[in-house]
Structure formats: C-alpha cells, structure tokens
Amino acid sequence: MKKPVPPEVKPCRKLLLAVADLHMRGFQRLRIMPYMGSMGAWRCVLAPASKMSARDGAWLDSLGDEGTLPRYTGAAEFNYWDWEAKENTPPARLARVFLDTFPEVAKQAFGPDWAYAGWLLYALNLTYPDALPFSDGQGGALGMYGREDLVPPPPPGYAGRTLPPDVAAQEAIAVAASGIHVAKDF
C-alpha cells in the first residue's frame, strides 16, 4: 500500500526539485542547507558552493551569511520568498522565480559541480516521496524528516578552498561558451 505524502512535505520537496531543475540548467553550484528549525519545521537555506563548509557540505561555512541568502521554512507552505505558488506549480516555475529574485546568488552558483548535482538527485531518490533530508551541522550522514533512515553526506563545499583544476576549467569553458545563458522555457 502506498504511503500518503504528508501535506507539510509537499512544498519542501517542490523546493528541492526546483534546485535539481536549476542544476540541469547549469547552476550546479547551488547548494542546500536543510535543517530542522526550533519549532520543528523543516528549513532550507540556498547558497553557492563557495559559501558551504569544506568540512560539512550541507552547512554554511559562516552562519553569519544565512541572513543574506535565500531561506525557506516549511511553515510557509507554498509561499517562497514572498511569491505564492500553488500546489500544482511546477518546480521549473519556482526555479525561474529563484533566478529572478536572487540574480547575484544565481550568478555565484553558475557552473559545473557534477558530484553535488548527483548527490542531490540521489538524496531526492532516497527520500522519495514522503521524506526530507536535514543536517545537524556536525558533518556526516543527514537525517530524514519523516523516516528513520539516513542520507549520505554531500560533497564538501568550497569555502576557503580553491576549485580543483578540472572543475575550474569546466567552469571557465561553460561561462565563456554560455555567457551565463539561461533557458527561457520555464
């Protein structure tokens, strides 16, 4: 028997699917910092990989950055960054809203990071359809909101590190070839 998806999980998964959509469009350096808020709501900060800890790829290197980055709380349901979505709004539309609302973060998040993009798809698969990953900021495996299972940790962030040469070269080629072109078919 198929387990029903809790209503509080649906808008949160839509956000994660929008990030996966952005990865497909070349913004693979966009990372998530999912965590549980003090009132029990799932929360998520979106940040470029350069702001994520080299020790814990699911946590910001400096929590002082959190207030300047896009944030979401499950308590807001389908209200993302002062934009009200419907339950049936596709994740690609939410991805477009993100690009329009946070162009500077998007610019910093543009470029290849195949290891992270693959990790996010794997995490979405492991948590499908009724759970959400969350981090405690201590490194290691992520918990699951809605289940007792674990999600393997993501690749480390790049705060305080230089990009590996192959990734830096891929990024330079991608930026030069695309001029940070974003498909308009959302």
# chains A, B, ... in the order shown; residues from 1 in each chain; ligands from 1
$ residues_around --residues "Ala141 in chain A" --least-positions-apart "3" --cutoff "8 Å" --atoms "only C-alpha atoms" --output "list in words"
Ser135, Leu150, Val151, Pro152 and Pro153 of chain A
$ residues_around --residues "Lys14 in chain A" --least-positions-apart "5" --cutoff "10 Å" --atoms "only C-alpha atoms" --output "list in words"
Val9, Val19, Ala20, Phe78, Glu87, Asn88, Thr89, Pro90, Pro91, Ala92, Leu94 and Ala95 of chain A
$ write_last_selection --atoms "N, CA and C atoms" --output "CSV table (one decimal), in the first residue's frame"
chain,number,residue,atom,x,y,z
A,9,VAL,N,5.2,18.1,3.7
A,9,VAL,CA,6.4,17.7,2.9
A,9,VAL,C,6.3,18.2,1.5
A,19,VAL,N,15.6,23.1,-7.1
A,19,VAL,CA,17.1,23.2,-7.1
A,19,VAL,C,17.7,22.1,-8.1
A,20,ALA,N,17.1,21.0,-8.2
A,20,ALA,CA,17.5,20.0,-9.1
A,20,ALA,C,17.3,20.5,-10.6
A,78,PHE,N,3.4,26.9,0.6
A,78,PHE,CA,3.7,27.2,-0.8
A,78,PHE,C,4.1,28.7,-1.0
A,87,GLU,N,-0.2,24.4,-5.3
A,87,GLU,CA,0.3,23.0,-5.1
A,87,GLU,C,0.7,22.4,-6.4
A,88,ASN,N,0.1,22.8,-7.5
A,88,ASN,CA,0.4,22.2,-8.8
A,88,ASN,C,1.4,23.0,-9.6
A,89,THR,N,2.0,24.1,-9.1
A,89,THR,CA,3.0,24.9,-9.8
A,89,THR,C,4.2,24.0,-10.0
A,90,PRO,N,4.7,23.9,-11.2
A,90,PRO,CA,5.9,23.0,-11.5
A,90,PRO,C,7.1,23.6,-10.8
A,91,PRO,N,8.0,22.7,-10.4
A,91,PRO,CA,9.3,23.1,-9.9
A,91,PRO,C,10.1,24.0,-10.8
A,92,ALA,N,10.0,23.9,-12.1
A,92,ALA,CA,10.7,24.7,-13.1
A,92,ALA,C,10.2,26.2,-12.9
A,94,LEU,N,9.1,27.6,-10.1
A,94,LEU,CA,9.8,28.0,-8.9
A,94,LEU,C,11.3,28.3,-9.1
A,95,ALA,N,11.9,27.5,-10.0
A,95,ALA,CA,13.3,27.8,-10.3
A,95,ALA,C,13.4,29.2,-11.0
$ atom_distance --atom1 "CA of Ser38 in chain A" --atom2 "CA of Asp136 in chain A"
12.0 Å
$ closest_atom_pairs --of "range 122-158 of chain A" --to "range 53-69 of chain A" --cutoff "9 Å" --atoms "only C-alpha atoms" --output "CSV"
residue,atom,partner,partner_atom,distance
A:Phe134,CA,A:Ala58,CA,8.4
A:Ser135,CA,A:Ala58,CA,6.4
A:Asp136,CA,A:Trp59,CA,8.4
A:Gly137,CA,A:Trp59,CA,5.6
A:Gln138,CA,A:Asp56,CA,7.1
A:Gly139,CA,A:Asp56,CA,4.7
A:Gly140,CA,A:Asp56,CA,7.4
A:Leu142,CA,A:Ala58,CA,8.4
A:Pro153,CA,A:Gly57,CA,7.3
A:Pro154,CA,A:Gly57,CA,5.5
A:Pro155,CA,A:Gly57,CA,5.5
A:Pro156,CA,A:Gly57,CA,3.9
A:Gly157,CA,A:Ala54,CA,4.5
A:Tyr158,CA,A:Ala54,CA,5.6
$ atom_distance --atom1 "CA of Met144 in chain A" --atom2 "CA of Leu124 in chain A"
10.9 Å
$ residues_around --residues "Pro6 in chain A" --least-positions-apart "4" --cutoff "12 Å" --atoms "only C-alpha atoms" --output "VMD selection string"
chain A and resid 10 to 13 74 77 128 to 132 145 to 147
$ select_by_dssp --residues "range 7-181 of chain A" --states "strand (DSSP E)" --output "ChimeraX atom specification"
/A:30-36,42-48,71-73,79-80,83-84,132-134,142-145,150-151
$ closest_residue --among "A:Gly40, A:Pro48, A:Pro34, A:Pro103" --to "Tyr72 in chain A" --atoms "only C-alpha atoms"
A:Pro34
$ select_by_dssp --residues "range 57-184 of chain A" --states "alpha helix (DSSP H)" --output "count of residues only"
46
$ atom_distance --atom1 "CA of Ala85 in chain A" --atom2 "CA of Leu120 in chain A"
22.6 Å
$ residues_around --residues "Ala75 in chain A" --least-positions-apart "5" --cutoff "9 Å" --atoms "only C-alpha atoms" --output "PyMOL selection string"
chain A and resi 8+41-43
$ write_last_selection --atoms "C-alpha atoms" --output "CSV table (one decimal), in the first residue's frame"
chain,number,residue,atom,x,y,z
A,8,GLU,CA,3.9,19.6,5.1
A,41,ALA,CA,9.6,23.0,10.8
A,42,TRP,CA,11.9,21.8,8.1
A,43,ARG,CA,14.0,24.7,6.8
$ closest_residue --among "A:Cys44, A:Leu126, A:Gln28, A:Asp149" --to "Ala76 in chain A" --atoms "only C-alpha atoms"
A:Cys44
$ closest_residue --among "A:Ala109, A:Leu121, A:Ala115, A:Leu46" --to "Trp81 in chain A" --atoms "only C-alpha atoms"
A:Leu46
